[in-house]
file input-v8.cif (mmCIF, N, CA and C atoms)
data_structure
loop_
_atom_site.label_atom_id
_atom_site.label_comp_id
_atom_site.auth_asym_id
_atom_site.auth_seq_id
_atom_site.Cartn_x
_atom_site.Cartn_y
_atom_site.Cartn_z
N MET A 550 8.19 121.13 142.39
CA MET A 550 9.25 121.47 141.47
C MET A 550 10.07 120.22 141.17
N THR A 551 10.34 120.00 139.91
CA THR A 551 11.11 118.85 139.48
C THR A 551 12.60 119.17 139.56
N HIS A 552 13.36 118.25 140.12
CA HIS A 552 14.80 118.45 140.16
C HIS A 552 15.50 117.10 140.06
N VAL A 553 16.77 117.15 139.65
CA VAL A 553 17.59 115.95 139.57
C VAL A 553 18.89 116.22 140.29
N VAL A 554 19.47 115.16 140.84
CA VAL A 554 20.74 115.27 141.55
C VAL A 554 21.81 114.62 140.68
N ASN A 555 22.95 115.29 140.57
CA ASN A 555 24.03 114.78 139.76
C ASN A 555 24.61 113.50 140.39
N LYS A 556 24.60 112.42 139.63
CA LYS A 556 25.18 111.16 140.11
C LYS A 556 26.68 111.21 139.93
N PRO A 557 27.43 110.50 140.75
CA PRO A 557 28.89 110.53 140.63
C PRO A 557 29.35 110.06 139.25
N GLY A 558 30.16 110.89 138.59
CA GLY A 558 30.71 110.53 137.30
C GLY A 558 29.72 110.71 136.13
N GLU A 559 28.55 111.29 136.41
CA GLU A 559 27.55 111.45 135.36
C GLU A 559 27.85 112.71 134.54
N GLN A 560 27.70 112.59 133.23
CA GLN A 560 27.94 113.73 132.36
C GLN A 560 26.76 114.69 132.42
N LEU A 561 27.04 115.95 132.14
CA LEU A 561 26.01 116.98 132.19
C LEU A 561 24.89 116.70 131.19
N GLU A 562 25.24 116.24 129.98
CA GLU A 562 24.24 115.95 128.96
C GLU A 562 23.27 114.87 129.43
N ARG A 563 23.81 113.85 130.09
CA ARG A 563 22.98 112.74 130.59
C ARG A 563 22.02 113.24 131.68
N MET A 564 22.54 114.08 132.57
CA MET A 564 21.71 114.62 133.64
C MET A 564 20.61 115.51 133.06
N LEU A 565 20.96 116.31 132.05
CA LEU A 565 19.98 117.17 131.40
C LEU A 565 18.90 116.34 130.73
N LYS A 566 19.28 115.24 130.12
CA LYS A 566 18.32 114.34 129.49
C LYS A 566 17.36 113.76 130.54
N ARG A 567 17.90 113.37 131.68
CA ARG A 567 17.06 112.85 132.77
C ARG A 567 16.07 113.92 133.25
N PHE A 568 16.57 115.16 133.36
CA PHE A 568 15.71 116.26 133.81
C PHE A 568 14.57 116.49 132.82
N ARG A 569 14.89 116.51 131.53
CA ARG A 569 13.86 116.72 130.51
C ARG A 569 12.81 115.62 130.56
N ARG A 570 13.26 114.38 130.74
CA ARG A 570 12.33 113.26 130.80
C ARG A 570 11.41 113.40 132.01
N LYS A 571 11.97 113.80 133.14
CA LYS A 571 11.15 114.00 134.35
C LYS A 571 10.13 115.12 134.15
N MET A 572 10.55 116.19 133.51
CA MET A 572 9.64 117.31 133.24
C MET A 572 8.50 116.86 132.33
N GLN A 573 8.84 116.05 131.33
CA GLN A 573 7.84 115.57 130.39
C GLN A 573 6.81 114.69 131.10
N THR A 574 7.29 113.75 131.92
CA THR A 574 6.37 112.82 132.58
C THR A 574 5.56 113.49 133.68
N SER A 575 6.13 114.49 134.34
CA SER A 575 5.40 115.14 135.44
C SER A 575 4.28 116.05 134.93
N GLY A 576 4.42 116.54 133.69
CA GLY A 576 3.39 117.41 133.13
C GLY A 576 3.53 118.85 133.57
N THR A 577 4.62 119.20 134.23
CA THR A 577 4.83 120.56 134.73
C THR A 577 4.87 121.57 133.59
N LEU A 578 5.62 121.25 132.55
CA LEU A 578 5.77 122.17 131.43
C LEU A 578 4.44 122.36 130.69
N ARG A 579 3.69 121.29 130.51
CA ARG A 579 2.39 121.38 129.83
C ARG A 579 1.44 122.26 130.64
N ALA A 580 1.42 122.08 131.95
CA ALA A 580 0.55 122.90 132.81
C ALA A 580 0.95 124.37 132.72
N TYR A 581 2.25 124.64 132.70
CA TYR A 581 2.73 126.02 132.60
C TYR A 581 2.28 126.64 131.29
N ARG A 582 2.43 125.91 130.20
CA ARG A 582 2.05 126.44 128.89
C ARG A 582 0.55 126.70 128.81
N ASN A 583 -0.25 125.83 129.43
CA ASN A 583 -1.70 126.02 129.40
C ASN A 583 -2.14 127.23 130.21
N LYS A 584 -1.35 127.62 131.21
CA LYS A 584 -1.75 128.73 132.08
C LYS A 584 -1.07 130.04 131.71
N ARG A 585 -0.46 130.11 130.53
CA ARG A 585 0.20 131.35 130.12
C ARG A 585 -0.77 132.50 129.96
N TYR A 586 -1.98 132.18 129.53
CA TYR A 586 -2.99 133.22 129.34
C TYR A 586 -4.35 132.66 129.72
N PHE A 587 -5.27 133.56 130.02
CA PHE A 587 -6.59 133.16 130.50
C PHE A 587 -7.45 132.63 129.35
N VAL A 588 -8.11 131.51 129.59
CA VAL A 588 -9.05 130.94 128.63
C VAL A 588 -10.33 130.65 129.39
N SER A 589 -11.44 131.21 128.91
CA SER A 589 -12.72 131.00 129.59
C SER A 589 -13.14 129.53 129.44
N LYS A 590 -14.03 129.09 130.30
CA LYS A 590 -14.50 127.70 130.25
C LYS A 590 -15.18 127.39 128.93
N GLY A 591 -15.98 128.34 128.45
CA GLY A 591 -16.68 128.14 127.18
C GLY A 591 -15.70 128.01 126.03
N GLU A 592 -14.69 128.85 126.04
CA GLU A 592 -13.68 128.80 124.98
C GLU A 592 -12.90 127.48 125.05
N ALA A 593 -12.60 127.03 126.25
CA ALA A 593 -11.88 125.77 126.42
C ALA A 593 -12.73 124.61 125.89
N ARG A 594 -14.04 124.65 126.17
CA ARG A 594 -14.94 123.61 125.67
C ARG A 594 -14.98 123.59 124.15
N ARG A 595 -15.11 124.79 123.55
CA ARG A 595 -15.15 124.88 122.09
C ARG A 595 -13.84 124.37 121.48
N ASP A 596 -12.73 124.74 122.08
CA ASP A 596 -11.43 124.30 121.58
C ASP A 596 -11.29 122.79 121.68
N LYS A 597 -11.74 122.25 122.80
CA LYS A 597 -11.68 120.80 123.00
C LYS A 597 -12.52 120.08 121.94
N ARG A 598 -13.71 120.62 121.68
CA ARG A 598 -14.60 120.03 120.67
C ARG A 598 -13.98 120.11 119.28
N ARG A 599 -13.38 121.27 118.96
CA ARG A 599 -12.72 121.44 117.66
C ARG A 599 -11.57 120.44 117.48
N ARG A 600 -10.77 120.29 118.53
CA ARG A 600 -9.64 119.35 118.45
C ARG A 600 -10.12 117.92 118.26
N ALA A 601 -11.18 117.55 118.98
CA ALA A 601 -11.73 116.20 118.86
C ALA A 601 -12.26 115.96 117.45
N GLU A 602 -12.93 116.95 116.89
CA GLU A 602 -13.46 116.83 115.53
C GLU A 602 -12.33 116.69 114.52
N ARG A 603 -11.28 117.46 114.70
CA ARG A 603 -10.13 117.38 113.78
C ARG A 603 -9.47 116.00 113.88
N ARG A 604 -9.31 115.50 115.10
CA ARG A 604 -8.74 114.15 115.30
C ARG A 604 -9.59 113.11 114.60
N ARG A 605 -10.92 113.23 114.76
CA ARG A 605 -11.84 112.27 114.15
C ARG A 605 -11.73 112.31 112.63
N ARG A 606 -11.71 113.53 112.06
CA ARG A 606 -11.61 113.65 110.60
C ARG A 606 -10.29 113.10 110.07
N ARG A 607 -9.20 113.38 110.77
CA ARG A 607 -7.89 112.89 110.33
C ARG A 607 -7.83 111.37 110.40
N LYS A 608 -8.39 110.82 111.47
CA LYS A 608 -8.41 109.36 111.62
C LYS A 608 -9.23 108.71 110.50
N GLU A 609 -10.36 109.32 110.20
CA GLU A 609 -11.22 108.81 109.14
C GLU A 609 -10.52 108.91 107.78
N ALA A 610 -9.82 110.01 107.52
CA ALA A 610 -9.09 110.19 106.26
C ALA A 610 -8.00 109.12 106.12
N ARG A 611 -7.28 108.85 107.20
CA ARG A 611 -6.24 107.81 107.15
C ARG A 611 -6.86 106.45 106.88
N ARG A 612 -8.00 106.18 107.51
CA ARG A 612 -8.69 104.91 107.30
C ARG A 612 -9.12 104.78 105.83
N ASN A 613 -9.64 105.87 105.26
CA ASN A 613 -10.07 105.85 103.86
C ASN A 613 -8.90 105.62 102.93
N GLN A 614 -7.76 106.23 103.22
CA GLN A 614 -6.57 106.03 102.39
C GLN A 614 -6.14 104.56 102.41
N ARG A 615 -6.14 103.97 103.60
CA ARG A 615 -5.76 102.55 103.72
C ARG A 615 -6.70 101.67 102.92
N GLU A 616 -8.00 101.94 103.02
CA GLU A 616 -8.99 101.14 102.28
C GLU A 616 -8.81 101.30 100.78
N LYS A 617 -8.52 102.51 100.35
CA LYS A 617 -8.32 102.78 98.92
C LYS A 617 -7.09 102.01 98.42
N ARG A 618 -6.01 102.01 99.21
CA ARG A 618 -4.81 101.27 98.82
C ARG A 618 -5.09 99.78 98.71
N ARG A 619 -5.83 99.25 99.67
CA ARG A 619 -6.17 97.83 99.65
C ARG A 619 -7.02 97.50 98.43
N GLN A 620 -7.95 98.38 98.12
CA GLN A 620 -8.88 98.17 97.02
C GLN A 620 -8.14 98.08 95.69
N PHE A 621 -7.10 98.88 95.51
CA PHE A 621 -6.37 98.88 94.25
C PHE A 621 -5.10 98.04 94.30
N GLY A 622 -4.96 97.22 95.33
CA GLY A 622 -3.85 96.27 95.39
C GLY A 622 -2.51 96.87 95.72
N ARG A 623 -2.50 98.00 96.42
CA ARG A 623 -1.23 98.60 96.81
C ARG A 623 -1.06 98.54 98.33
N GLY A 624 -1.52 97.48 98.93
CA GLY A 624 -1.40 97.34 100.39
C GLY A 624 0.03 97.04 100.77
N ARG A 625 0.33 97.08 102.02
CA ARG A 625 1.70 96.84 102.51
C ARG A 625 1.98 95.38 102.61
#
call {"tool": "encode", "arguments": {"input": "input-v8.cif", "output": "structure tokens"}}
result
Amino acid sequence: MTHVVNKPGEQLERMLKRFRRKMQTSGTLRAYRNKRYFVSKGEARRDKRRRAERRRRRKEARRNQREKRRQFGRGR
């Protein structure tokens, strides 16, 4: 369990920010969200494959946009 101790003179907002950062880095919240409902191994594999394919397509689309901009002289 992730916890933080209040430092002397520390504001509540600052302590809350530290707690959120610790939760983010520890991965506790992500693990909790993933275990909210049952997902079979096969379904997890299919989902992982779908996400990877979507990432690949989006990356390729961004690359094509950049090349198109360069080709027509609208590069950064």
call {"tool": "residues_around", "arguments": {"input": "input-v8.cif", "residues": "Thr551 in chain A", "least_positions_apart": "2", "cutoff": "10 Å", "atoms": "only C-alpha atoms", "output": "tab-separated table (two decimals) with N, CA and C atoms, keeping the file's coordinate frame"}}
result
chain	number	residue	atom	x	y	z
A	553	VAL	N	16.77	117.15	139.65
A	553	VAL	CA	17.59	115.95	139.57
A	553	VAL	C	18.89	116.22	140.29
A	568	PHE	N	16.57	115.16	133.36
A	568	PHE	CA	15.71	116.26	133.81
A	568	PHE	C	14.57	116.49	132.82
A	569	ARG	N	14.89	116.51	131.53
A	569	ARG	CA	13.86	116.72	130.51
A	569	ARG	C	12.81	115.62	130.56
A	571	LYS	N	11.97	113.80	133.14
A	571	LYS	CA	11.15	114.00	134.35
A	571	LYS	C	10.13	115.12	134.15
A	572	MET	N	10.55	116.19	133.51
A	572	MET	CA	9.64	117.31	133.24
A	572	MET	C	8.50	116.86	132.33
A	575	SER	N	6.13	114.49	134.34
A	575	SER	CA	5.40	115.14	135.44
A	575	SER	C	4.28	116.05	134.93
A	577	THR	N	4.62	119.20	134.23
A	577	THR	CA	4.83	120.56	134.73
A	577	THR	C	4.87	121.57	133.59
call {"tool": "atom_distance", "arguments": {"input": "input-v8.cif", "atom1": "CA of Ala593 in chain A", "atom2": "CA of Arg579 in chain A"}}
result
15.3 Å
call {"tool": "atom_distance", "arguments": {"input": "input-v8.cif", "atom1": "atom N of Tyr581 in chain A", "atom2": "atom N of Met550 in chain A"}}
result
11.9 Å
call {"tool": "select_by_dssp", "arguments": {"input": "input-v8.cif", "residues": "chain A", "states": "alpha helix (DSSP H)", "output": "PyMOL selection string"}}
result
chain A and resi 561-575+577-583+590-620
